[in-house]
>>> print(open('my_file-v1.txt').read())   # compact mmCIF, C-alpha atoms
# COMPACT_ATOMS: atom_id res chain seq x y z
CA MET A 1 1.88 -11.18 30.36
CA VAL A 2 3.56 -7.97 31.55
CA THR A 3 4.58 -9.63 34.83
CA GLY A 4 6.40 -12.40 32.96
CA ARG A 5 8.25 -9.97 30.68
CA VAL A 6 9.28 -7.74 33.60
CA LEU A 7 10.56 -10.73 35.58
CA MET A 8 12.44 -12.07 32.56
CA LEU A 9 14.16 -8.73 31.84
CA THR A 10 14.87 -8.14 35.53
CA GLY A 11 16.65 -11.50 35.71
CA VAL A 12 18.66 -10.89 32.54
CA VAL A 13 19.80 -7.37 33.46
CA GLY A 14 20.27 -8.09 37.16
CA LEU A 15 22.15 -11.38 36.94
CA VAL A 16 24.41 -10.34 34.06
CA SER A 17 25.19 -7.02 35.78
CA VAL A 18 26.11 -8.74 39.04
CA LEU A 19 28.34 -11.30 37.33
CA ALA A 20 30.01 -8.69 35.10
CA LYS A 21 30.64 -6.39 38.08
CA ALA A 22 32.05 -9.25 40.17
CA HIS A 23 34.41 -10.24 37.34
CA ALA A 24 35.51 -6.60 36.91
CA LEU A 25 36.29 -6.27 40.63
CA ALA A 26 38.18 -9.57 40.66
CA HIS A 27 40.36 -8.55 37.72
CA ALA A 28 40.62 -4.84 38.57
CA TYR A 29 39.26 -3.28 35.36
CA ASP A 30 36.66 -0.63 34.56
CA LEU A 31 33.38 -2.23 33.51
CA THR A 32 32.11 1.05 32.02
CA ALA A 33 34.86 1.14 29.38
CA SER A 34 33.40 0.80 25.88
CA ASP A 35 35.26 -2.44 25.13
CA ARG A 36 33.64 -4.05 28.20
CA PHE A 37 30.30 -2.27 28.49
CA GLY A 38 29.26 -2.78 24.84
CA PRO A 39 29.67 -6.58 24.81
CA THR A 40 27.84 -6.80 28.15
CA LEU A 41 24.85 -4.92 26.70
CA LEU A 42 24.99 -7.11 23.57
CA TRP A 43 24.91 -10.23 25.76
CA MET A 44 21.90 -8.90 27.68
CA ALA A 45 20.10 -8.20 24.40
CA ILE A 46 20.84 -11.68 23.02
CA LEU A 47 19.59 -13.30 26.24
CA ALA A 48 16.39 -11.24 26.23
CA VAL A 49 15.60 -11.84 22.54
CA SER A 50 16.29 -15.59 22.81
CA ALA A 51 14.07 -15.91 25.87
CA TYR A 52 11.24 -13.95 24.32
CA ALA A 53 11.54 -15.74 20.97
CA LEU A 54 11.17 -19.11 22.71
CA GLY A 55 8.14 -17.83 24.62
CA ILE A 56 9.49 -17.74 28.18
CA PRO A 57 6.97 -15.10 29.42
CA ASP A 58 4.05 -17.05 27.94
CA LEU A 59 4.90 -20.66 28.79
CA SER A 60 2.47 -22.94 30.58
CA GLY A 61 3.55 -25.80 32.80
CA ARG A 62 6.71 -26.53 34.77
CA SER A 63 9.13 -27.91 32.15
CA LEU A 64 12.82 -26.93 32.22
CA ILE A 65 13.39 -27.81 28.55
CA ILE A 66 12.50 -24.37 27.10
CA PRO A 67 14.48 -22.42 29.75
CA ILE A 68 17.52 -24.58 28.95
CA MET A 69 17.02 -24.03 25.21
CA ALA A 70 16.62 -20.26 25.67
CA ALA A 71 19.79 -19.85 27.73
CA GLY A 72 21.74 -22.36 25.63
CA SER A 73 20.79 -20.80 22.29
CA ALA A 74 21.89 -17.38 23.57
CA ALA A 75 25.26 -18.84 24.51
CA MET A 76 25.61 -20.39 21.04
CA ILE A 77 24.77 -17.09 19.32
CA MET A 78 27.28 -15.16 21.44
CA SER A 79 29.94 -17.83 20.82
CA LEU A 80 29.31 -17.61 17.06
CA ILE A 81 29.65 -13.81 17.14
CA GLN A 82 32.95 -14.12 19.00
CA LEU A 83 34.12 -16.68 16.46
CA VAL A 84 33.27 -14.39 13.54
CA VAL A 85 34.99 -11.32 15.04
CA GLY A 86 37.93 -13.44 16.17
CA ALA A 87 38.01 -12.14 19.73
CA SER A 88 36.61 -13.00 23.14
CA LEU A 89 34.14 -10.20 23.80
CA LEU A 90 32.80 -11.55 27.06
CA PRO A 91 34.54 -13.38 29.94
CA ARG A 92 33.57 -17.06 30.08
CA SER A 93 32.65 -16.77 33.75
CA VAL A 94 30.10 -14.06 32.90
CA MET A 95 28.62 -15.87 29.90
CA PHE A 96 28.35 -19.37 31.33
CA GLY A 97 27.55 -18.09 34.82
CA SER A 98 24.61 -16.19 33.30
CA VAL A 99 23.40 -19.31 31.49
CA ILE A 100 23.49 -21.44 34.64
CA ALA A 101 21.81 -18.78 36.79
CA LEU A 102 19.13 -17.87 34.25
CA ILE A 103 17.78 -21.39 33.66
CA PRO A 104 16.02 -21.56 37.07
CA TRP A 105 15.11 -17.87 36.76
CA TYR A 106 13.42 -18.48 33.39
CA ALA A 107 11.55 -21.42 34.92
CA LEU A 108 10.36 -19.16 37.75
CA THR A 109 9.34 -16.51 35.22
CA SER A 110 7.19 -18.98 33.26
CA TRP A 111 5.54 -20.27 36.45
CA VAL A 112 4.68 -16.74 37.64
CA ALA A 113 3.43 -15.74 34.16
CA ASP A 114 1.30 -18.89 33.99
CA ASP A 115 -0.29 -18.07 37.35
CA SER A 116 -0.77 -14.46 36.23
CA ARG A 117 -2.60 -15.55 33.08
CA ALA A 118 -4.87 -17.81 35.13
CA ALA A 119 -5.60 -14.90 37.47
CA ALA A 120 -6.34 -12.65 34.47
CA GLN A 121 -8.80 -15.19 33.11
CA ARG A 122 -10.51 -15.34 36.47
CA ARG A 123 -10.55 -11.55 36.62
CA ASP A 124 -11.90 -10.88 33.11
CA ARG A 125 -15.20 -12.74 32.96
CA VAL A 126 -17.38 -11.66 30.05
CA VAL A 127 -21.17 -11.53 29.62
CA VAL A 128 -22.42 -10.86 26.08
CA VAL A 129 -25.71 -9.22 25.11
CA GLY A 130 -26.23 -10.23 21.51
CA PRO A 131 -27.65 -12.88 19.17
CA PRO A 132 -27.13 -16.63 19.75
CA GLY A 133 -23.63 -17.67 18.74
CA GLN A 134 -22.01 -14.29 19.47
CA GLU A 135 -20.57 -15.64 22.70
CA LEU A 136 -19.12 -18.67 20.89
CA ILE A 137 -17.37 -16.45 18.35
CA LEU A 138 -15.80 -14.30 21.07
CA GLN A 139 -14.77 -17.32 23.13
CA ASP A 140 -13.16 -18.95 20.10
CA GLU A 141 -11.15 -15.79 19.40
CA LEU A 142 -10.18 -15.47 23.07
CA SER A 143 -8.90 -19.05 23.04
CA ARG A 144 -6.36 -18.27 20.30
CA HIS A 145 -4.05 -15.27 20.70
CA PRO A 146 -5.76 -12.62 22.84
CA GLU A 147 -4.01 -9.45 23.90
CA ARG A 148 -5.77 -9.75 27.27
CA PRO A 149 -6.90 -13.18 28.53
CA ALA A 150 -10.61 -13.51 29.35
CA MET A 151 -13.41 -16.05 29.28
CA VAL A 152 -17.06 -15.73 28.22
CA VAL A 153 -19.34 -16.82 31.06
CA GLY A 154 -22.81 -15.96 29.79
CA ARG A 155 -25.09 -14.50 27.12
CA LEU A 156 -28.49 -12.84 26.87
CA GLY A 157 -30.43 -11.67 23.83
CA VAL A 158 -31.97 -8.21 23.59
CA GLU A 159 -35.38 -9.91 23.53
CA ASP A 160 -34.62 -11.41 26.94
CA LEU A 161 -34.39 -7.93 28.46
CA ALA A 162 -37.16 -6.13 26.61
CA PRO A 163 -40.34 -7.43 28.34
CA THR A 164 -41.78 -5.53 31.28
CA GLY A 165 -40.52 -6.87 34.55
CA ALA A 166 -37.21 -8.07 33.13
CA SER A 167 -35.23 -5.08 34.43
CA GLY A 168 -33.14 -7.23 36.75
CA THR A 169 -32.41 -10.07 34.32
CA LEU A 170 -29.03 -8.75 33.23
CA ALA A 171 -28.01 -7.81 36.78
CA ARG A 172 -28.85 -11.32 38.01
CA LEU A 173 -26.78 -12.93 35.23
CA VAL A 174 -23.82 -10.66 36.01
CA GLU A 175 -24.10 -11.48 39.70
CA ASP A 176 -24.51 -15.24 39.17
CA THR A 177 -21.52 -15.47 36.80
CA GLU A 178 -19.35 -12.95 38.71
CA ALA A 179 -18.83 -11.12 35.41
CA THR A 180 -16.49 -8.15 35.19
CA VAL A 181 -17.01 -7.14 31.56
CA LEU A 182 -20.29 -6.60 29.67
CA VAL A 183 -20.10 -6.69 25.85
CA LEU A 184 -22.97 -5.20 23.82
CA ASP A 185 -23.53 -5.89 20.14
CA PRO A 186 -24.75 -2.97 17.92
CA VAL A 187 -28.43 -3.89 18.38
CA ALA A 188 -28.01 -4.11 22.15
CA TYR A 189 -26.38 -0.72 22.66
CA SER A 190 -29.08 0.87 20.50
CA ASP A 191 -31.82 -0.51 22.75
CA PRO A 192 -32.88 1.84 25.61
CA THR A 193 -33.75 -1.06 27.96
CA VAL A 194 -30.32 -2.64 27.56
CA VAL A 195 -28.51 0.70 27.85
CA ALA A 196 -30.39 1.56 31.05
CA GLN A 197 -29.44 -1.73 32.68
CA ALA A 198 -25.86 -1.48 31.42
CA ALA A 199 -25.57 2.07 32.81
CA SER A 200 -26.75 0.89 36.23
CA LEU A 201 -24.20 -1.95 36.23
CA HIS A 202 -21.47 0.43 35.03
CA GLU A 203 -22.08 2.65 38.06
CA ARG A 204 -21.50 -0.41 40.26
CA GLY A 205 -18.07 -1.07 38.71
CA LEU A 206 -18.80 -3.35 35.74
CA ARG A 207 -16.83 -2.50 32.59
CA VAL A 208 -19.05 -2.06 29.53
CA ARG A 209 -17.77 -2.37 25.95
CA SER A 210 -19.18 -2.56 22.45
CA VAL A 211 -18.08 -5.55 20.38
CA ALA A 212 -15.75 -3.23 18.44
CA LEU A 213 -14.02 -1.85 21.55
CA PHE A 214 -13.79 -5.30 23.13
CA SER A 215 -12.19 -6.65 19.95
CA GLU A 216 -9.61 -3.86 19.98
CA GLU A 217 -8.67 -4.14 23.65
CA TRP A 218 -8.85 -7.90 24.14
CA LEU A 219 -8.22 -9.30 20.63
CA GLY A 220 -6.05 -6.70 18.87
CA ARG A 221 -8.31 -6.29 15.83
CA ILE A 222 -11.14 -4.15 14.47
CA PRO A 223 -14.26 -6.15 13.45
CA ALA A 224 -15.00 -6.27 9.72
CA GLU A 225 -18.39 -4.58 10.15
CA ASP A 226 -16.70 -1.52 11.69
CA LEU A 227 -13.85 -1.11 9.19
CA GLU A 228 -15.59 1.30 6.82
CA ARG A 229 -17.25 3.27 9.63
CA LEU A 230 -13.92 3.83 11.41
CA SER A 231 -11.78 4.28 8.30
CA LEU A 232 -11.61 8.10 8.66
CA MET A 233 -11.85 8.35 12.44
CA PHE A 234 -8.27 7.83 13.55
CA ASP A 235 -4.80 9.23 12.88
CA ILE A 236 -2.22 7.12 11.07
CA GLY A 237 1.32 7.47 12.36
CA GLU A 238 3.12 7.67 9.00
CA VAL A 239 0.53 10.11 7.62
CA HIS A 240 -0.21 12.38 10.59
CA ARG A 241 2.99 12.28 12.72
CA ALA A 242 6.16 13.29 10.87
CA ARG A 243 8.43 12.48 13.84
CA TYR A 244 7.17 8.90 13.94
CA GLY A 245 7.88 8.53 10.23
CA ARG A 246 11.51 9.57 10.75
CA LEU A 247 11.96 7.24 13.73
CA LYS A 248 10.41 4.37 11.80
CA ARG A 249 12.82 4.89 8.92
CA ALA A 250 15.74 4.95 11.38
CA LEU A 251 14.49 1.64 12.83
CA ASP A 252 14.34 0.21 9.29
CA LEU A 253 17.99 1.06 8.66
CA LEU A 254 19.04 -0.19 12.11
CA VAL A 255 17.51 -3.59 11.34
CA VAL A 256 18.39 -3.87 7.66
CA LEU A 257 22.10 -3.05 7.72
CA PRO A 258 23.14 -6.12 9.76
CA GLY A 259 20.53 -8.08 7.81
CA LEU A 260 22.32 -7.26 4.55
CA ALA A 261 25.50 -8.75 6.01
CA VAL A 262 23.61 -11.98 6.74
CA LEU A 263 22.18 -11.90 3.20
CA GLY A 264 25.67 -11.54 1.77
CA LEU A 265 26.78 -14.69 3.61
CA LEU A 266 23.65 -16.63 2.62
CA ILE A 267 23.63 -15.94 -1.13
CA PRO A 268 26.66 -18.20 -1.91
CA VAL A 269 25.13 -21.02 0.17
CA VAL A 270 21.76 -20.85 -1.61
CA ALA A 271 23.49 -20.49 -4.98
CA LEU A 272 25.53 -23.62 -4.26
CA VAL A 273 22.50 -25.74 -3.25
CA ASN A 274 20.10 -24.36 -5.85
CA PRO A 275 21.29 -26.36 -8.92
CA PHE A 276 20.75 -29.63 -7.07
CA ALA A 277 17.70 -29.06 -4.87
CA ASN A 278 15.85 -26.11 -6.39
CA ARG A 279 16.71 -25.91 -10.08
CA GLY A 280 16.07 -22.57 -11.67
CA SER A 281 16.85 -18.91 -11.00
CA LEU A 282 18.27 -17.88 -7.65
CA PHE A 283 15.87 -14.99 -7.05
CA TYR A 284 12.14 -14.61 -7.51
CA VAL A 285 11.13 -11.11 -8.63
CA GLN A 286 7.51 -9.96 -8.62
CA ASP A 287 5.60 -6.70 -8.92
CA ARG A 288 3.78 -5.64 -5.75
CA ILE A 289 1.77 -2.57 -4.78
CA GLY A 290 3.44 -0.22 -2.31
CA ARG A 291 2.79 3.07 -0.56
CA GLN A 292 0.30 5.39 -2.28
CA GLY A 293 -0.53 2.53 -4.67
CA ARG A 294 2.82 2.71 -6.46
CA PRO A 295 4.12 -0.60 -7.86
CA PHE A 296 7.60 -1.87 -7.06
CA ARG A 297 9.58 -5.06 -7.63
CA ILE A 298 10.00 -7.30 -4.61
CA TYR A 299 12.89 -9.78 -4.25
CA LYS A 300 12.90 -13.21 -2.63
CA PHE A 301 14.89 -16.40 -2.88
CA ARG A 302 12.91 -18.61 -5.28
CA THR A 303 11.07 -21.44 -3.49
CA MET A 304 8.72 -22.79 -6.19
CA THR A 305 9.21 -24.74 -9.40
CA ASP A 306 6.65 -22.61 -11.20
CA ALA A 307 5.98 -19.14 -9.84
CA PRO A 308 4.89 -16.83 -12.64
CA ASP A 309 4.71 -13.09 -12.06
CA CYS A 310 1.02 -12.98 -12.83
CA ASP A 311 -0.85 -15.84 -11.24
CA SER A 312 -4.62 -15.83 -11.02
CA THR A 313 -4.77 -17.96 -7.90
CA TRP A 314 -3.68 -17.35 -4.32
CA THR A 315 -0.52 -19.16 -3.26
CA GLU A 316 -1.46 -21.79 -0.69
CA GLU A 317 0.52 -22.46 2.50
CA ASP A 318 1.36 -26.00 1.34
CA ASP A 319 1.38 -25.25 -2.40
CA ASN A 320 2.50 -28.32 -4.38
CA ARG A 321 4.83 -26.13 -6.48
CA ILE A 322 7.09 -25.52 -3.45
CA THR A 323 10.31 -27.53 -3.69
CA ARG A 324 11.83 -29.31 -0.69
CA PHE A 325 14.65 -26.81 -0.44
CA GLY A 326 12.14 -24.03 -1.05
CA ASN A 327 10.04 -25.35 1.81
CA LEU A 328 13.09 -25.20 4.08
CA LEU A 329 13.70 -21.60 3.04
CA ARG A 330 10.05 -20.74 3.68
CA ARG A 331 9.82 -22.48 7.06
CA SER A 332 12.97 -20.71 8.22
CA HIS A 333 11.79 -17.44 6.58
CA LEU A 334 15.21 -17.15 4.91
CA ASP A 335 13.53 -16.68 1.54
CA GLU A 336 12.46 -13.21 2.72
CA LEU A 337 16.02 -11.94 3.35
CA PRO A 338 16.51 -10.42 -0.15
CA GLN A 339 13.69 -8.01 0.77
CA PHE A 340 16.24 -6.17 2.91
CA LEU A 341 17.25 -4.63 -0.43
CA ASN A 342 13.69 -3.33 -0.80
CA VAL A 343 13.84 -1.88 2.72
CA LEU A 344 17.14 -0.16 1.93
CA ARG A 345 15.60 1.35 -1.22
CA GLY A 346 12.53 2.53 0.69
CA ASP A 347 10.03 0.26 -1.10
CA LEU A 348 9.34 -1.59 2.15
CA SER A 349 9.48 -0.88 5.85
CA VAL A 350 10.48 -3.56 8.34
CA VAL A 351 6.97 -3.43 9.86
CA GLY A 352 3.75 -2.74 7.95
CA PRO A 353 0.96 -4.44 5.99
CA ARG A 354 2.33 -7.08 3.62
CA PRO A 355 2.31 -5.93 -0.03
CA GLU A 356 0.01 -7.72 -2.47
CA GLN A 357 0.05 -8.30 -6.21
CA ALA A 358 -1.69 -5.73 -8.40
CA GLN A 359 -4.53 -8.02 -9.53
CA TYR A 360 -5.41 -8.92 -5.93
CA VAL A 361 -5.36 -5.25 -4.91
CA THR A 362 -7.73 -4.36 -7.77
CA GLU A 363 -10.03 -7.25 -6.86
CA LEU A 364 -10.07 -6.46 -3.13
CA ASN A 365 -10.56 -2.72 -3.73
CA GLU A 366 -13.77 -3.59 -5.60
CA LYS A 367 -15.00 -5.87 -2.81
CA LEU A 368 -13.79 -3.77 0.15
CA PRO A 369 -14.17 -0.01 -0.51
CA PHE A 370 -11.86 0.83 2.43
CA TYR A 371 -9.08 -1.60 1.43
CA HIS A 372 -7.00 1.17 -0.15
CA LEU A 373 -6.26 2.73 3.26
CA ARG A 374 -3.62 0.07 3.92
CA HIS A 375 -1.61 1.67 1.09
CA LEU A 376 -1.29 4.98 2.94
CA VAL A 377 1.75 3.51 4.70
CA ARG A 378 4.80 1.59 3.50
CA PRO A 379 4.20 -2.16 3.29
CA GLY A 380 6.38 -4.28 5.55
CA LEU A 381 8.53 -7.37 5.82
CA THR A 382 6.33 -8.38 8.74
CA GLY A 383 3.19 -6.97 10.31
CA TRP A 384 0.54 -7.20 13.01
CA ALA A 385 -1.66 -9.38 10.78
CA GLN A 386 1.20 -11.81 10.21
CA VAL A 387 1.99 -12.34 13.91
CA LYS A 388 -1.67 -12.44 14.96
CA TYR A 389 -3.32 -14.30 12.07
CA GLY A 390 -0.61 -15.75 9.85
CA TYR A 391 -1.25 -17.03 6.36
CA GLY A 392 -4.44 -15.89 4.61
CA GLY A 393 -4.45 -17.09 1.02
CA SER A 394 -8.05 -16.27 0.05
CA ASP A 395 -10.54 -13.38 -0.11
CA ALA A 396 -11.86 -14.38 3.31
CA GLY A 397 -8.32 -14.51 4.67
CA ALA A 398 -7.60 -11.07 3.21
CA LEU A 399 -10.64 -9.65 5.03
CA GLU A 400 -9.57 -11.33 8.27
CA LYS A 401 -6.05 -9.90 7.95
CA LEU A 402 -7.45 -6.46 7.12
CA GLN A 403 -9.11 -6.35 10.56
CA TYR A 404 -5.66 -6.68 12.14
CA GLU A 405 -4.09 -4.24 9.65
CA PHE A 406 -6.65 -1.57 10.58
CA PHE A 407 -5.74 -2.13 14.24
CA TYR A 408 -2.10 -1.53 13.26
CA LEU A 409 -2.97 1.63 11.31
CA ARG A 410 -5.01 2.97 14.23
CA HIS A 411 -2.33 2.24 16.86
CA GLN A 412 0.80 2.68 14.74
CA SER A 413 3.74 3.60 16.97
CA LEU A 414 7.38 2.72 17.50
CA ARG A 415 6.40 0.69 20.58
CA LEU A 416 3.96 -1.43 18.55
CA ASP A 417 6.58 -1.87 15.81
CA LEU A 418 9.05 -3.24 18.37
CA ARG A 419 6.38 -5.60 19.75
CA ILE A 420 5.75 -6.91 16.25
CA LEU A 421 9.47 -7.45 15.65
CA ALA A 422 9.77 -9.37 18.93
CA ARG A 423 6.77 -11.56 18.05
CA THR A 424 8.18 -12.13 14.56
CA ALA A 425 11.39 -13.42 16.13
CA ARG A 426 9.31 -15.85 18.15
CA VAL A 427 7.48 -17.07 15.03
CA MET A 428 10.78 -17.56 13.20
CA VAL A 429 12.33 -19.51 16.07
CA GLY A 430 9.19 -21.63 16.24
CA GLY A 431 9.58 -22.53 12.56
CA GLN A 432 6.02 -21.59 11.66
CA GLY A 433 5.23 -21.17 7.99
CA ARG A 434 3.29 -18.39 6.33
>>> encode(input="my_file-v1.txt", output="structure tokens")
Amino acid sequence: MVTGRVLMLTGVVGLVSVLAKAHALAHAYDLTASDRFGPTLLWMAILAVSAYALGIPDLSGRSLIIPIMAAGSAAMIMSLIQLVVGASLLPRSVMFGSVIALIPWYALTSWVADDSRAAAQRRDRVVVVGPPGQELILQDELSRHPERPAMVVGRLGVEDLAPTGASGTLARLVEDTEATVLVLDPVAYSDPTVVAQAASLHERGLRVRSVALFSEEWLGRIPAEDLERLSLMFDIGEVHRARYGRLKRALDLLVVLPGLAVLGLLIPVVALVNPFANRGSLFYVQDRIGRQGRPFRIYKFRTMTDAPDCDSTWTEEDDNRITRFGNLLRRSHLDELPQFLNVLRGDLSVVGPRPEQAQYVTELNEKLPFYHLRHLVRPGLTGWAQVKYGYGGSDAGALEKLQYEFFYLRHQSLRLDLRILARTARVMVGGQGR
């Protein structure tokens, strides 16, 4: 929730600033000097990323374990950085004072965010006009990872509103359930009786949405049945906004350059373990389809005993070809680090639709005429579909992910890219596989 994120960032910036200023006054130095101000900003960033990655703004309950882990992990990261550079960048009183002060603040943040989510669910109460089962589908999707919390409180069919004398049926249901949002399926918003009743309720303050608009605003996806219809009806950032394309490339380089340093440190470690726990080549190289349908070679640390370049079956999440060490690399997402080389070369962006193998692209282009639109932009290391849906190793999974990818294409912006990177950090900290 926005309230939780604002509280979290307010605590990080406010508490660190106060402690850093107090230390500067006590020791008579200028806090705005680059050698002091830079490390302070770095510490704020580490605290914020650690808290978000561990889910502080979205926690439920009153446990102190996650707040302690968030503050403690930030302290460990900062200590490691100081060890690597061989200098104390931040006074101990500022670092450890921040950790001690932020633990109760993080707990407060999670409590307020939890209450805010509950209030949002009470506020957004949904009535559906559509066929039986439509309300169950929406409620199931709302129970997973909604962009805006809500709950379905009722349903009516178009046939329930059509007969003479039923003009108040929908109004009574809305009143009885205290609904605040009315969702109409395509048949419903094509029916004059339903539209007339919906218009009357809209004038009284009820929000009215089609299933497609509700899915976008509350679920962060575009329904499969609307993909082809909408495929030409929105701008794509990388195609239609040159400035965004330049900023996105700058973000890629900002992320990838320190990532290459991490890769350089990791290669000797993986090379040392590989002969014993993951016998075979160090890297896995495979052809993938990139922007404008151009093929390129993608690099990963090898995680499977048998991973041919051309495989006719989808790789499963718990594929029996994955070695134990390979599974560790996958769960930690370290196997993806060599793809920083692809980002540096321009084959990949940090954020975008994940690239697929050529045979899958050909197959899905035949089944989904609009599938090729995802290749108008650079594929990415991570993407909206990955943080919202996760692994989708099948034709059905590809269609499900495409609904999130179209949402990304329609709303592509630097702000959304940063949101995806933050959520990716949370997935990586949580150790979730792909």
>>> residues_around(input="my_file-v1.txt", residues="segment 146-161 of chain A", least_positions_apart="2", cutoff="8 Å", atoms="all atoms listed in the file", output="CSV table (one decimal) with C-alpha atoms, in the frame of the given file")
chain,number,residue,atom,x,y,z
A,117,ARG,CA,-2.6,-15.6,33.1
A,120,ALA,CA,-6.3,-12.6,34.5
A,121,GLN,CA,-8.8,-15.2,33.1
A,122,ARG,CA,-10.5,-15.3,36.5
A,123,ARG,CA,-10.6,-11.6,36.6
A,124,ASP,CA,-11.9,-10.9,33.1
A,125,ARG,CA,-15.2,-12.7,33.0
A,126,VAL,CA,-17.4,-11.7,30.0
A,127,VAL,CA,-21.2,-11.5,29.6
A,128,VAL,CA,-22.4,-10.9,26.1
A,129,VAL,CA,-25.7,-9.2,25.1
A,130,GLY,CA,-26.2,-10.2,21.5
A,131,PRO,CA,-27.6,-12.9,19.2
A,132,PRO,CA,-27.1,-16.6,19.8
A,135,GLU,CA,-20.6,-15.6,22.7
A,138,LEU,CA,-15.8,-14.3,21.1
A,139,GLN,CA,-14.8,-17.3,23.1
A,141,GLU,CA,-11.2,-15.8,19.4
A,142,LEU,CA,-10.2,-15.5,23.1
A,143,SER,CA,-8.9,-19.0,23.0
A,144,ARG,CA,-6.4,-18.3,20.3
A,163,PRO,CA,-40.3,-7.4,28.3
A,166,ALA,CA,-37.2,-8.1,33.1
A,167,SER,CA,-35.2,-5.1,34.4
A,169,THR,CA,-32.4,-10.1,34.3
A,170,LEU,CA,-29.0,-8.8,33.2
A,173,LEU,CA,-26.8,-12.9,35.2
A,177,THR,CA,-21.5,-15.5,36.8
A,179,ALA,CA,-18.8,-11.1,35.4
A,187,VAL,CA,-28.4,-3.9,18.4
A,188,ALA,CA,-28.0,-4.1,22.2
A,191,ASP,CA,-31.8,-0.5,22.8
A,193,THR,CA,-33.8,-1.1,28.0
A,194,VAL,CA,-30.3,-2.6,27.6
A,217,GLU,CA,-8.7,-4.1,23.6
A,218,TRP,CA,-8.8,-7.9,24.1
A,219,LEU,CA,-8.2,-9.3,20.6
A,220,GLY,CA,-6.0,-6.7,18.9
>>> atom_distance(input="my_file-v1.txt", atom1="atom CA of Glu238 of chain A", atom2="atom CA of Ala358 of chain A")
22.5 Å
>>> residues_around(input="my_file-v1.txt", residues="segment 282-294 of chain A", least_positions_apart="2", cutoff="6 Å", atoms="all atoms listed in the file", output="NGL selection string")
:A and (296-302 or 309 or 355-358 or 375-379)
>>> write_last_selection(input="my_file-v1.txt", atoms="C-alpha atoms", output="PDB file, keeping the file's coordinate frame")
ATOM      1  CA  PHE A 296       7.600  -1.870  -7.060  1.00  0.00           C
ATOM      2  CA  ARG A 297       9.580  -5.060  -7.630  1.00  0.00           C
ATOM      3  CA  ILE A 298      10.000  -7.300  -4.610  1.00  0.00           C
ATOM      4  CA  TYR A 299      12.890  -9.780  -4.250  1.00  0.00           C
ATOM      5  CA  LYS A 300      12.900 -13.210  -2.630  1.00  0.00           C
ATOM      6  CA  PHE A 301      14.890 -16.400  -2.880  1.00  0.00           C
ATOM      7  CA  ARG A 302      12.910 -18.610  -5.280  1.00  0.00           C
ATOM      8  CA  ASP A 309       4.710 -13.090 -12.060  1.00  0.00           C
ATOM      9  CA  PRO A 355       2.310  -5.930  -0.030  1.00  0.00           C
ATOM     10  CA  GLU A 356       0.010  -7.720  -2.470  1.00  0.00           C
ATOM     11  CA  GLN A 357       0.050  -8.300  -6.210  1.00  0.00           C
ATOM     12  CA  ALA A 358      -1.690  -5.730  -8.400  1.00  0.00           C
ATOM     13  CA  HIS A 375      -1.610   1.670   1.090  1.00  0.00           C
ATOM     14  CA  LEU A 376      -1.290   4.980   2.940  1.00  0.00           C
ATOM     15  CA  VAL A 377       1.750   3.510   4.700  1.00  0.00           C
ATOM     16  CA  ARG A 378       4.800   1.590   3.500  1.00  0.00           C
ATOM     17  CA  PRO A 379       4.200  -2.160   3.290  1.00  0.00           C
TER      18      PRO A 379
END
>>> closest_residue(input="my_file-v1.txt", among="A:Asp226, A:Asp185, A:Asp417, A:Glu363", to="Arg209 of chain A", atoms="only C-alpha atoms")
A:Asp185
>>> residues_around(input="my_file-v1.txt", residues="Met69 of chain A", least_positions_apart="3", cutoff="10 Å", atoms="all atoms listed in the file", output="list in words")
Ser50, Ala51, Leu54, Leu64, Ile65, Ile66, Gly72, Ser73, Ala74, Ala75 and Ile103 of chain A
>>> closest_residue(input="my_file-v1.txt", among="A:Leu253, A:Met78, A:Leu25, A:Val239", to="Leu41 of chain A", atoms="all atoms listed in the file")
A:Met78
>>> closest_residue(input="my_file-v1.txt", among="A:Asn320, A:Ser88, A:Ser98, A:Asn327", to="Ala71 of chain A", atoms="only C-alpha atoms")
A:Ser98
>>> closest_residue(input="my_file-v1.txt", among="A:Phe37, A:Phe96, A:Tyr106, A:Phe407", to="Val6 of chain A", atoms="only C-alpha atoms")
A:Tyr106
>>> atom_distance(input="my_file-v1.txt", atom1="atom CA of Thr382 of chain A", atom2="atom CA of Leu265 of chain A")
22.0 Å
